[in-house]
file start17.cif (mmCIF, C-alpha atoms)
data_coords
#
loop_
_atom_site.label_atom_id
_atom_site.label_comp_id
_atom_site.auth_asym_id
_atom_site.auth_seq_id
_atom_site.Cartn_x
_atom_site.Cartn_y
_atom_site.Cartn_z
CA MET A 1011 0.00 0.00 0.00
CA LYS A 1012 1.74 3.14 -1.25
CA GLY A 1013 0.63 6.55 -2.50
CA ILE A 1014 -2.67 8.37 -2.14
CA TYR A 1015 -5.55 6.27 -0.80
CA LEU A 1016 -9.04 7.70 -1.36
CA VAL A 1017 -11.68 6.97 1.29
CA THR A 1018 -15.17 7.86 0.12
CA ASP A 1019 -17.82 9.63 2.13
CA GLN A 1020 -21.16 10.18 0.44
CA MET A 1021 -21.79 13.25 2.62
CA ALA A 1022 -18.48 14.81 1.54
CA CYS A 1023 -19.29 14.52 -2.19
CA THR A 1024 -20.45 18.11 -2.45
CA HIS A 1025 -19.65 19.02 -6.07
CA HIS A 1026 -19.71 15.73 -8.01
CA SER A 1027 -21.15 12.23 -7.81
CA LEU A 1028 -19.17 9.51 -6.06
CA GLU A 1029 -18.48 7.75 -9.37
CA THR A 1030 -17.18 10.94 -11.00
CA ILE A 1031 -14.90 11.68 -8.07
CA VAL A 1032 -13.47 8.15 -8.09
CA LEU A 1033 -12.90 8.26 -11.85
CA MET A 1034 -11.10 11.60 -11.61
CA ALA A 1035 -9.05 10.42 -8.64
CA ILE A 1036 -7.70 7.33 -10.36
CA GLN A 1037 -6.97 9.28 -13.53
CA ALA A 1038 -4.88 11.55 -11.32
CA GLY A 1039 -2.92 8.61 -9.92
CA VAL A 1040 -4.69 7.56 -6.69
CA SER A 1041 -3.55 4.01 -5.90
CA CYS A 1042 -6.42 2.63 -3.77
CA VAL A 1043 -10.10 3.41 -3.11
CA GLN A 1044 -12.05 2.52 0.02
CA LEU A 1045 -15.84 2.61 -0.10
CA ARG A 1046 -17.20 3.70 3.25
CA GLU A 1047 -20.97 3.74 3.84
CA LYS A 1048 -22.35 4.28 7.29
CA THR A 1049 -26.06 4.72 6.59
CA ALA A 1050 -26.81 2.95 3.29
CA ASP A 1051 -28.83 -0.28 3.40
CA THR A 1052 -27.10 -3.46 2.27
CA ARG A 1053 -28.53 -3.45 -1.25
CA THR A 1054 -27.52 0.18 -1.90
CA PHE A 1055 -24.06 -0.48 -0.46
CA ILE A 1056 -23.64 -3.44 -2.86
CA GLN A 1057 -24.82 -1.37 -5.83
CA ARG A 1058 -22.28 1.36 -5.03
CA ALA A 1059 -19.53 -1.21 -4.57
CA LEU A 1060 -20.32 -2.81 -7.94
CA ALA A 1061 -20.35 0.63 -9.62
CA LEU A 1062 -16.92 1.45 -8.20
CA LYS A 1063 -15.57 -2.02 -9.03
CA ALA A 1064 -16.54 -1.46 -12.67
CA ILE A 1065 -14.53 1.78 -12.67
CA LEU A 1066 -11.53 0.47 -10.74
CA LYS A 1067 -11.01 -2.98 -12.23
CA PRO A 1068 -9.90 -1.78 -15.71
CA ALA A 1069 -7.52 0.66 -14.00
CA ARG A 1070 -6.17 -2.11 -11.74
CA VAL A 1071 -6.81 0.02 -8.67
CA PRO A 1072 -7.91 -2.06 -5.68
CA LEU A 1073 -11.36 -1.53 -4.15
CA ILE A 1074 -11.46 -1.86 -0.37
CA ILE A 1075 -14.77 -2.05 1.53
CA ASN A 1076 -15.06 -0.44 4.93
CA ASP A 1077 -16.17 -2.85 7.68
CA ARG A 1078 -18.50 -5.11 5.66
CA VAL A 1079 -17.02 -8.45 4.65
CA ASP A 1080 -20.34 -9.46 3.05
CA ILE A 1081 -20.30 -6.44 0.74
CA ALA A 1082 -16.71 -7.24 -0.26
CA LEU A 1083 -17.72 -10.81 -1.15
CA ALA A 1084 -20.87 -9.75 -2.98
CA ALA A 1085 -19.14 -7.09 -5.09
CA GLY A 1086 -15.89 -8.94 -5.72
CA ALA A 1087 -13.90 -6.22 -3.97
CA ASP A 1088 -10.19 -6.70 -3.30
CA GLY A 1089 -10.46 -6.50 0.46
CA VAL A 1090 -11.76 -4.81 3.57
CA HIS A 1091 -10.69 -2.14 5.98
CA ILE A 1092 -11.68 -3.03 9.53
CA GLY A 1093 -11.74 -0.94 12.67
CA GLN A 1094 -11.49 -2.05 16.26
CA SER A 1095 -15.33 -2.35 16.48
CA ASP A 1096 -15.61 -4.33 13.25
CA MET A 1097 -15.11 -8.03 12.59
CA PRO A 1098 -12.01 -9.38 14.36
CA TYR A 1099 -9.13 -9.88 11.90
CA PRO A 1100 -8.88 -13.70 12.13
CA MET A 1101 -12.55 -14.11 11.17
CA ALA A 1102 -12.21 -11.69 8.25
CA ARG A 1103 -9.10 -13.47 6.97
CA ARG A 1104 -10.77 -16.88 7.29
CA ILE A 1105 -13.85 -15.71 5.36
CA LEU A 1106 -12.01 -13.69 2.67
CA GLY A 1107 -9.04 -15.98 2.14
CA PRO A 1108 -5.28 -15.39 1.88
CA ASP A 1109 -5.35 -13.15 -1.20
CA ALA A 1110 -7.70 -10.47 0.15
CA LEU A 1111 -6.26 -7.13 1.21
CA ILE A 1112 -7.05 -6.48 4.86
CA GLY A 1113 -6.20 -3.26 6.65
CA LEU A 1114 -6.83 -2.51 10.31
CA SER A 1115 -7.18 0.85 12.07
CA VAL A 1116 -4.96 1.36 15.10
CA GLU A 1117 -6.13 3.97 17.58
CA THR A 1118 -4.05 3.08 20.64
CA TRP A 1119 -0.56 1.73 21.26
CA ALA A 1120 -2.12 -1.56 22.39
CA ASP A 1121 -3.74 -1.80 18.94
CA VAL A 1122 -0.31 -1.27 17.30
CA VAL A 1123 1.26 -4.02 19.41
CA ALA A 1124 -1.60 -6.47 18.80
CA ALA A 1125 -1.39 -5.81 15.05
CA GLN A 1126 2.20 -7.16 14.95
CA ASP A 1127 0.85 -10.72 15.23
CA LEU A 1128 -1.67 -10.29 12.39
CA ASP A 1129 -1.00 -10.92 8.71
CA LEU A 1130 -2.29 -7.48 7.70
CA ASP A 1131 -1.67 -5.71 4.42
CA TYR A 1132 -1.43 -2.38 6.23
CA ILE A 1133 -2.40 -0.60 9.40
CA GLY A 1134 -4.41 2.59 9.31
CA VAL A 1135 -2.89 5.13 11.70
CA SER A 1136 -6.07 6.86 12.78
CA PRO A 1137 -6.35 9.76 13.21
CA VAL A 1138 -3.03 11.49 12.56
CA PHE A 1139 -4.66 14.88 12.99
CA SER A 1140 -8.15 15.70 14.25
CA THR A 1141 -10.78 15.62 11.54
CA PRO A 1142 -14.37 16.70 11.11
CA THR A 1143 -15.35 13.74 8.85
CA LYS A 1144 -15.04 11.12 11.59
CA THR A 1145 -16.16 12.00 15.09
CA ASP A 1146 -15.87 8.62 16.83
CA THR A 1147 -12.06 8.53 16.83
CA LYS A 1148 -9.61 8.64 19.72
CA ASP A 1149 -6.91 11.26 20.34
CA PRO A 1150 -4.81 12.12 17.27
CA TRP A 1151 -1.43 10.36 16.95
CA GLY A 1152 0.31 13.45 15.63
CA LEU A 1153 3.55 13.29 13.66
CA ALA A 1154 5.47 12.02 16.69
CA GLY A 1155 3.03 9.13 17.18
CA LEU A 1156 3.22 8.25 13.50
CA ALA A 1157 7.04 8.23 13.63
CA ARG A 1158 6.96 6.03 16.75
CA ILE A 1159 4.66 3.51 15.01
CA ASN A 1160 6.93 3.60 11.96
CA ASP A 1161 9.92 2.66 14.15
CA TYR A 1162 8.05 -0.24 15.76
CA SER A 1163 5.59 -1.76 13.30
CA ARG A 1164 6.36 -4.33 10.63
CA HIS A 1165 3.31 -3.24 8.58
CA PRO A 1166 2.95 -0.59 5.88
CA LEU A 1167 1.37 2.53 7.40
CA VAL A 1168 -1.63 4.29 5.92
CA ALA A 1169 -2.01 7.63 7.63
CA ILE A 1170 -5.54 9.04 7.93
CA GLY A 1171 -7.18 12.03 9.57
CA GLY A 1172 -6.91 15.68 8.58
CA LEU A 1173 -4.55 15.06 5.67
CA ASN A 1174 -4.33 17.45 2.73
CA ALA A 1175 -1.82 18.95 0.29
CA ASP A 1176 -0.44 21.24 3.01
CA ASN A 1177 0.73 18.47 5.34
CA THR A 1178 1.70 15.75 2.87
CA VAL A 1179 5.44 16.37 3.23
CA PRO A 1180 5.75 16.07 7.04
CA VAL A 1181 3.40 13.05 7.16
CA VAL A 1182 5.39 11.16 4.52
CA THR A 1183 8.62 12.21 6.23
CA ALA A 1184 7.31 10.83 9.54
CA GLY A 1185 6.93 7.43 7.92
CA ALA A 1186 3.56 7.10 6.17
CA ASP A 1187 3.64 4.71 3.21
CA ALA A 1188 0.27 5.97 2.04
CA LEU A 1189 -1.98 8.92 2.81
CA ALA A 1190 -5.70 8.32 3.13
CA VAL A 1191 -7.84 11.32 2.35
CA VAL A 1192 -11.57 11.90 2.41
CA SER A 1193 -12.67 15.50 2.02
CA ALA A 1194 -9.39 16.69 0.42
CA ILE A 1195 -10.58 14.87 -2.73
CA CYS A 1196 -14.33 14.21 -2.22
CA SER A 1197 -15.19 17.82 -1.37
CA ALA A 1198 -12.83 19.47 -3.88
CA ARG A 1199 -14.35 21.52 -6.69
CA ASP A 1200 -11.83 19.84 -8.97
CA PRO A 1201 -11.19 16.34 -7.58
CA PHE A 1202 -8.77 15.56 -10.43
CA GLU A 1203 -6.57 18.53 -9.63
CA ALA A 1204 -6.81 17.88 -5.88
CA ALA A 1205 -5.81 14.23 -6.30
CA GLN A 1206 -3.02 15.13 -8.73
CA THR A 1207 -1.56 17.69 -6.32
CA LEU A 1208 -1.59 15.12 -3.50
CA CYS A 1209 0.04 12.47 -5.71
CA THR A 1210 2.71 14.92 -6.88
CA HIS A 1211 3.54 16.03 -3.32
CA PHE A 1212 3.66 12.40 -2.21
CA ASN A 1213 5.95 11.32 -5.03
CA HIS A 1214 8.30 14.30 -4.66
CA THR A 1215 8.66 13.71 -0.94
CA ARG A 1216 9.36 9.98 -1.39
CA THR A 1217 11.87 10.70 -4.15
CA SER A 1218 13.71 13.33 -2.09
CA GLN A 1219 13.84 10.77 0.78
CA GLY A 1220 15.55 8.31 -1.56
CA THR A 1221 12.53 5.98 -1.55
CA PRO A 1222 11.10 6.22 -5.06
CA SER A 1223 7.46 5.24 -5.20
CA MET B 459 -39.74 -24.05 8.73
CA LYS B 460 -42.61 -24.91 11.05
CA GLY B 461 -43.81 -23.76 14.46
CA ILE B 462 -42.97 -20.66 16.47
CA TYR B 463 -40.07 -18.59 15.12
CA LEU B 464 -38.55 -16.08 17.55
CA VAL B 465 -37.17 -12.84 16.09
CA THR B 466 -35.09 -10.92 18.60
CA ASP B 467 -35.18 -7.21 19.21
CA GLN B 468 -32.81 -5.83 21.82
CA MET B 469 -35.18 -2.90 22.50
CA ALA B 470 -38.09 -5.27 23.19
CA CYS B 471 -36.15 -7.25 25.83
CA THR B 472 -37.72 -5.35 28.71
CA HIS B 473 -37.68 -7.91 31.54
CA HIS B 474 -34.80 -10.29 30.78
CA SER B 475 -31.53 -10.44 28.85
CA LEU B 476 -31.57 -11.60 25.25
CA GLU B 477 -29.77 -14.85 26.18
CA THR B 478 -32.26 -15.63 28.95
CA ILE B 479 -35.22 -15.03 26.65
CA VAL B 480 -33.76 -17.26 23.93
CA LEU B 481 -33.00 -20.02 26.42
CA MET B 482 -36.54 -19.91 27.83
CA ALA B 483 -38.04 -19.79 24.35
CA ILE B 484 -36.28 -22.92 23.11
CA GLN B 485 -37.07 -24.77 26.32
CA ALA B 486 -40.71 -23.95 25.59
CA GLY B 487 -40.45 -25.41 22.08
CA VAL B 488 -39.61 -22.52 19.75
CA SER B 489 -38.22 -24.03 16.54
CA CYS B 490 -36.07 -21.21 15.11
CA VAL B 491 -34.39 -18.01 16.33
CA GLN B 492 -33.50 -14.99 14.22
CA LEU B 493 -31.02 -12.46 15.60
CA ARG B 494 -31.95 -8.99 14.41
CA GLU B 495 -29.67 -6.04 15.25
CA LYS B 496 -30.25 -2.70 13.64
CA THR B 497 -27.87 -0.48 15.60
CA ALA B 498 -25.10 -2.72 16.99
CA ASP B 499 -21.62 -2.42 15.49
CA THR B 500 -20.22 -5.45 13.67
CA ARG B 501 -18.15 -6.74 16.58
CA THR B 502 -21.07 -6.55 19.04
CA PHE B 503 -23.37 -8.22 16.50
CA ILE B 504 -20.87 -11.09 16.13
CA GLN B 505 -20.54 -11.46 19.91
CA ARG B 506 -24.33 -11.71 20.29
CA ALA B 507 -24.55 -14.19 17.43
CA LEU B 508 -21.85 -16.39 18.99
CA ALA B 509 -23.63 -16.24 22.37
CA LEU B 510 -26.91 -17.36 20.80
CA LYS B 511 -25.19 -20.04 18.70
CA ALA B 512 -23.74 -21.53 21.92
CA ILE B 513 -27.27 -21.75 23.35
CA LEU B 514 -28.99 -23.00 20.19
CA LYS B 515 -26.52 -25.53 18.83
CA PRO B 516 -26.93 -28.12 21.64
CA ALA B 517 -30.72 -27.78 21.28
CA ARG B 518 -30.46 -28.18 17.48
CA VAL B 519 -32.47 -25.02 16.95
CA PRO B 520 -31.31 -23.06 13.88
CA LEU B 521 -29.87 -19.57 14.28
CA ILE B 522 -30.79 -17.17 11.49
CA ILE B 523 -29.08 -13.78 11.12
CA ASN B 524 -31.09 -10.82 9.88
CA ASP B 525 -29.60 -9.16 6.78
CA ARG B 526 -25.88 -9.68 7.47
CA VAL B 527 -24.27 -12.52 5.55
CA ASP B 528 -20.86 -11.66 7.08
CA ILE B 529 -22.20 -12.10 10.62
CA ALA B 530 -23.71 -15.46 9.63
CA LEU B 531 -20.34 -16.62 8.29
CA ALA B 532 -18.38 -15.29 11.25
CA ALA B 533 -20.65 -16.87 13.87
CA GLY B 534 -21.35 -20.14 12.07
CA ALA B 535 -25.07 -19.40 11.96
CA ASP B 536 -27.41 -21.64 9.98
CA GLY B 537 -28.56 -18.97 7.58
CA VAL B 538 -29.88 -15.49 6.95
CA HIS B 539 -33.17 -13.72 6.65
CA ILE B 540 -33.06 -11.07 3.94
CA GLY B 541 -35.46 -8.28 3.13
CA GLN B 542 -36.01 -6.51 -0.17
CA SER B 543 -33.35 -3.88 0.73
CA ASP B 544 -30.77 -6.46 1.78
CA MET B 545 -28.36 -8.52 -0.30
CA PRO B 546 -30.08 -9.97 -3.40
CA TYR B 547 -30.86 -13.67 -2.94
CA PRO B 548 -28.51 -15.05 -5.65
CA MET B 549 -25.49 -13.35 -4.06
CA ALA B 550 -26.42 -14.58 -0.59
CA ARG B 551 -26.85 -18.17 -1.86
CA ARG B 552 -23.54 -18.03 -3.73
CA ILE B 553 -21.68 -16.79 -0.64
CA LEU B 554 -23.39 -19.03 1.93
CA GLY B 555 -23.64 -22.21 -0.13
CA PRO B 556 -26.43 -24.70 -0.80
CA ASP B 557 -26.92 -25.87 2.81
CA ALA B 558 -27.62 -22.45 4.34
CA LEU B 559 -31.18 -21.56 5.31
CA ILE B 560 -32.28 -18.45 3.45
CA GLY B 561 -35.59 -16.73 4.03
CA LEU B 562 -36.88 -13.68 2.17
CA SER B 563 -39.47 -11.12 3.22
CA VAL B 564 -42.27 -10.47 0.74
CA GLU B 565 -44.07 -7.16 1.08
CA THR B 566 -45.81 -6.91 -2.29
CA TRP B 567 -47.42 -9.34 -4.72
CA ALA B 568 -44.51 -8.72 -7.12
CA ASP B 569 -42.17 -9.95 -4.35
CA VAL B 570 -44.26 -13.13 -3.99
CA VAL B 571 -44.13 -13.80 -7.73
CA ALA B 572 -40.38 -13.12 -7.96
CA ALA B 573 -39.75 -15.46 -5.00
CA GLN B 574 -41.18 -18.42 -6.96
CA ASP B 575 -37.96 -18.60 -9.01
CA LEU B 576 -35.68 -18.57 -5.96
CA ASP B 577 -34.52 -21.62 -4.02
CA LEU B 578 -35.65 -20.19 -0.70
CA ASP B 579 -36.21 -22.09 2.53
CA TYR B 580 -39.21 -19.92 3.34
CA ILE B 581 -40.79 -16.58 2.60
CA GLY B 582 -41.61 -14.16 5.38
CA VAL B 583 -45.10 -12.74 4.86
CA SER B 584 -44.50 -9.27 6.25
CA PRO B 585 -46.42 -7.77 7.90
CA VAL B 586 -49.59 -9.83 8.40
CA PHE B 587 -50.95 -7.25 10.82
CA SER B 588 -49.61 -3.78 11.59
CA THR B 589 -46.93 -3.79 14.25
CA PRO B 590 -45.13 -1.25 16.41
CA THR B 591 -41.75 -3.10 16.37
CA LYS B 592 -41.06 -2.47 12.71
CA THR B 593 -42.03 0.84 11.18
CA ASP B 594 -40.49 0.54 7.70
CA THR B 595 -42.98 -2.04 6.43
CA LYS B 596 -45.61 -1.79 3.72
CA ASP B 597 -49.38 -2.28 4.11
CA PRO B 598 -50.35 -5.36 6.11
CA TRP B 599 -51.30 -8.47 4.12
CA GLY B 600 -54.13 -9.42 6.48
CA LEU B 601 -55.51 -12.95 6.69
CA ALA B 602 -56.89 -12.75 3.15
CA GLY B 603 -53.49 -11.80 1.74
CA LEU B 604 -51.82 -14.61 3.66
CA ALA B 605 -54.37 -17.12 2.31
CA ARG B 606 -53.84 -15.83 -1.25
CA ILE B 607 -50.05 -16.29 -0.92
CA ASN B 608 -50.63 -19.77 0.52
CA ASP B 609 -52.67 -20.71 -2.58
CA TYR B 610 -50.01 -19.43 -4.96
CA SER B 611 -46.55 -19.88 -3.44
CA ARG B 612 -44.43 -23.03 -3.50
CA HIS B 613 -42.51 -21.90 -0.39
CA PRO B 614 -43.20 -22.47 3.32
CA LEU B 615 -44.75 -19.31 4.78
CA VAL B 616 -43.48 -17.62 7.92
CA ALA B 617 -46.06 -15.07 9.01
CA ILE B 618 -44.77 -11.99 10.85
CA GLY B 619 -46.24 -8.77 12.17
CA GLY B 620 -48.57 -8.28 15.10
CA LEU B 621 -48.78 -11.98 15.97
CA ASN B 622 -49.59 -13.18 19.49
CA ALA B 623 -51.47 -15.92 21.32
CA ASP B 624 -54.83 -14.31 20.48
CA ASN B 625 -54.46 -14.58 16.70
CA THR B 626 -52.47 -17.80 16.34
CA VAL B 627 -55.47 -19.87 15.28
CA PRO B 628 -56.70 -17.73 12.35
CA VAL B 629 -53.15 -17.14 11.08
CA VAL B 630 -52.34 -20.86 11.03
CA THR B 631 -55.74 -21.57 9.49
CA ALA B 632 -54.99 -19.02 6.72
CA GLY B 633 -51.91 -21.02 5.78
CA ALA B 634 -48.90 -19.97 7.87
CA ASP B 635 -46.37 -22.77 8.35
CA ALA B 636 -44.62 -20.81 11.07
CA LEU B 637 -45.39 -17.75 13.15
CA ALA B 638 -42.62 -15.23 13.74
CA VAL B 639 -42.99 -13.22 16.93
CA VAL B 640 -40.93 -10.45 18.48
CA SER B 641 -42.53 -8.68 21.41
CA ALA B 642 -44.98 -11.51 22.22
CA ILE B 643 -41.95 -13.38 23.62
CA CYS B 644 -39.20 -10.75 24.05
CA SER B 645 -41.35 -8.34 26.07
CA ALA B 646 -43.21 -10.97 28.11
CA ARG B 647 -42.70 -11.02 31.86
CA ASP B 648 -42.48 -14.80 31.55
CA PRO B 649 -40.97 -15.58 28.12
CA PHE B 650 -41.12 -19.34 28.80
CA GLU B 651 -44.85 -19.26 29.45
CA ALA B 652 -45.47 -16.90 26.51
CA ALA B 653 -43.53 -19.15 24.13
CA GLN B 654 -45.19 -22.29 25.48
CA THR B 655 -48.66 -20.82 25.00
CA LEU B 656 -47.81 -19.88 21.39
CA CYS B 657 -46.38 -23.35 20.69
CA THR B 658 -49.43 -25.05 22.22
CA HIS B 659 -51.88 -22.93 20.20
CA PHE B 660 -49.86 -23.58 17.05
CA ASN B 661 -49.73 -27.34 17.56
CA HIS B 662 -53.42 -27.63 18.47
CA THR B 663 -54.46 -25.69 15.39
CA ARG B 664 -52.25 -27.74 13.06
CA THR B 665 -53.51 -30.99 14.63
CA SER B 666 -57.16 -29.97 14.30
CA GLN B 667 -56.44 -29.12 10.63
CA GLY B 668 -55.13 -32.64 10.08
CA THR B 669 -51.58 -31.35 9.54
CA PRO B 670 -49.68 -32.64 12.55
CA SER B 671 -46.57 -30.59 13.22
#
call {"tool": "encode", "arguments": {"input": "start17.cif", "output": "structure tokens"}}
result
Amino acid sequence: MKGIYLVTDQMACTHHSLETIVLMAIQAGVSCVQLREKTADTRTFIQRALALKAILKPARVPLIINDRVDIALAAGADGVHIGQSDMPYPMARRILGPDALIGLSVETWADVVAAQDLDLDYIGVSPVFSTPTKTDTKDPWGLAGLARINDYSRHPLVAIGGLNADNTVPVVTAGADALAVVSAICSARDPFEAAQTLCTHFNHTRTSQGTPS
Amino acid sequence: MKGIYLVTDQMACTHHSLETIVLMAIQAGVSCVQLREKTADTRTFIQRALALKAILKPARVPLIINDRVDIALAAGADGVHIGQSDMPYPMARRILGPDALIGLSVETWADVVAAQDLDLDYIGVSPVFSTPTKTDTKDPWGLAGLARINDYSRHPLVAIGGLNADNTVPVVTAGADALAVVSAICSARDPFEAAQTLCTHFNHTRTSQGTPS
């Protein structure tokens, strides 16, 4: 998991439809898309997942489903992102199989330690900064917390929470392998330009660190 | 699917815990239990499903999960009950396999007709009468609607909506193979007695019809 990771939020799609935003984002170089639905019924959630899968599959960009293993199976998604109140990792791995991408949010140091024993594809460092799009999160990790996790964890780190073009450089420098963004792309008037700026900042920072992406 | 079918509702469990109510209900002869959770997070839903599975498995009473195929897989439940806004039947069957019990709610005549082509274990005739425990339902079928479905459908019929000991006889007479109840058991001061009364009424009516259960 590397680069800019788009997490969708229907409420944040202020200027364009979800499908349009996703299409623009992958054209701009976003490397992963997570579909997050907190209020949709199961059938609507599946329909949205299938719509995004149809956009992402030809571009070979993975589709990750937030929380719902059943939606991932129904839509043929590439994996799931689970939080600490979602399905425990071993159950999700058993149901989805060895090839599925599974990411797990870590909100406390105990979560980071527990994640070492799990065969995860990444951990979501959540939140790095405080954010208005998710109100049920714990205290922000900050750049120091992110750097501490980077020193300790064996997993790729996806940073999430309050990320935008202005803080891409310090977050990548602190050790993030990928930056997850919601409103920075979903709420942009020009999602293509917003995603492209994020991708460019990300790539420049990685290159100047000597870790080409 | 035959007999009294308990559908749980955490909000309706006014006098006892969910586990206690389920235990009493199966001791009284209830033949199926559906776990319905509309607000619990995924992890809590799984924990409740596992708790009920531990009670039901030794009694050989099937555990059905409302809507969530992932919870059914995670908890080793016997099947799912899906509504018209849940996962489409073909996807649920593909994911759960041929041995899973799958029931589908029918709320319109078009639903009843469409269900004929599906390899369902039962259809849920919903609602038979108006009910306070579920507010997102369509117009009640009434006894005449239930009888009309019984004449037409090839599937076992689970009647749901406003059922209690007072209307067991006409509902069974109209063609219900099973009666699904929520508050009639969950909200009873004595869930064992409430379930036993329902089972007795059901069995007497079936016997007097010449269809021993």
call {"tool": "interface_residues", "arguments": {"input": "start17.cif", "of": "chain A", "to": "chain B", "cutoff": "10 Å", "atoms": "all atoms listed in the file", "output": "CSV table (one decimal) with C-alpha atoms, keeping the file's coordinate frame"}}
result
chain,number,residue,atom,x,y,z
A,1050,ALA,CA,-26.8,3.0,3.3
A,1051,ASP,CA,-28.8,-0.3,3.4
A,1052,THR,CA,-27.1,-3.5,2.3
A,1053,ARG,CA,-28.5,-3.4,-1.2
A,1054,THR,CA,-27.5,0.2,-1.9
A,1055,PHE,CA,-24.1,-0.5,-0.5
A,1056,ILE,CA,-23.6,-3.4,-2.9
A,1057,GLN,CA,-24.8,-1.4,-5.8
A,1077,ASP,CA,-16.2,-2.8,7.7
A,1078,ARG,CA,-18.5,-5.1,5.7
A,1079,VAL,CA,-17.0,-8.4,4.6
A,1080,ASP,CA,-20.3,-9.5,3.0
A,1081,ILE,CA,-20.3,-6.4,0.7
A,1082,ALA,CA,-16.7,-7.2,-0.3
A,1083,LEU,CA,-17.7,-10.8,-1.2
A,1084,ALA,CA,-20.9,-9.8,-3.0
A,1085,ALA,CA,-19.1,-7.1,-5.1
A,1092,ILE,CA,-11.7,-3.0,9.5
A,1093,GLY,CA,-11.7,-0.9,12.7
A,1094,GLN,CA,-11.5,-2.0,16.3
A,1095,SER,CA,-15.3,-2.4,16.5
A,1096,ASP,CA,-15.6,-4.3,13.2
A,1097,MET,CA,-15.1,-8.0,12.6
A,1098,PRO,CA,-12.0,-9.4,14.4
A,1100,PRO,CA,-8.9,-13.7,12.1
A,1101,MET,CA,-12.6,-14.1,11.2
A,1102,ALA,CA,-12.2,-11.7,8.2
A,1104,ARG,CA,-10.8,-16.9,7.3
A,1105,ILE,CA,-13.8,-15.7,5.4
call {"tool": "resolve_selection", "arguments": {"input": "start17.cif", "expression": "the PyMOL selection byres ((chain A and resi 1070) around 12)", "output": "list in words"}}
result
Ile1036, Gln1037, Gly1039, Val1040, Ser1041, Cys1042, Val1043, Leu1062, Lys1063, Ala1064, Ile1065, Leu1066, Lys1067, Pro1068, Ala1069, Val1071, Pro1072, Leu1073, Ala1087 and Asp1088 of chain A
call {"tool": "resolve_selection", "arguments": {"input": "start17.cif", "expression": "the PyMOL selection byres ((chain A and resi 1168-1180) around 7)", "output": "ChimeraX atom specification"}}
result
/A:1132-1141,1166-1167,1181-1184,1186-1191,1194,1207-1208,1211-1212,1215
call {"tool": "residues_around", "arguments": {"input": "start17.cif", "residues": "Asp1200 (chain A)", "least_positions_apart": "5", "cutoff": "9 Å", "atoms": "only C-alpha atoms", "output": "PDB file with C-alpha atoms, keeping the file's coordinate frame"}}
result
ATOM      1  CA  HIS A1025     -19.650  19.020  -6.070  1.00  0.00           C
ATOM      2  CA  HIS A1026     -19.710  15.730  -8.010  1.00  0.00           C
ATOM      3  CA  ILE A1031     -14.900  11.680  -8.070  1.00  0.00           C
ATOM      4  CA  MET A1034     -11.100  11.600 -11.610  1.00  0.00           C
ATOM      5  CA  ILE A1195     -10.580  14.870  -2.730  1.00  0.00           C
ATOM      6  CA  ALA A1205      -5.810  14.230  -6.300  1.00  0.00           C
TER       7      ALA A1205
END
call {"tool": "atom_distance", "arguments": {"input": "start17.cif", "atom1": "CA of Leu1028 (chain A)", "atom2": "CA of Arg1058 (chain A)"}}
result
8.8 Å
call {"tool": "atom_distance", "arguments": {"input": "start17.cif", "atom1": "CA of Asp1129 (chain A)", "atom2": "CA of Leu1060 (chain A)"}}
result
26.8 Å
call {"tool": "atom_distance", "arguments": {"input": "start17.cif", "atom1": "CA of Lys460 (chain B)", "atom2": "CA of His613 (chain B)"}}
result
11.8 Å
call {"tool": "resolve_selection", "arguments": {"input": "start17.cif", "expression": "the PyMOL selection byres ((chain A and resi 1021) around 9)", "output": "PyMOL selection string"}}
result
chain A and resi 1018-1020+1022-1024+1143+1196-1197
call {"tool": "axis_aligned_box", "arguments": {"input": "start17.cif", "around": "region 484-489 of chain B", "padding_each_side": "4 Å", "output": "lines of an AutoDock Vina configuration file"}}
result
center_x = -38.5
center_y = -24.0
center_z = 21.4
size_x = 12.4
size_y = 10.9
size_z = 17.8
call {"tool": "closest_residue", "arguments": {"input": "start17.cif", "among": "B:Ile523, B:Leu562, B:Val538, B:Val571", "to": "Glu495 (chain B)", "atoms": "all atoms listed in the file"}}
result
B:Ile523
call {"tool": "closest_residue", "arguments": {"input": "start17.cif", "among": "B:Gly537, B:Gly555, B:Pro598, B:Gly603", "to": "Asp579 (chain B)", "atoms": "all atoms listed in the file"}}
result
B:Gly537
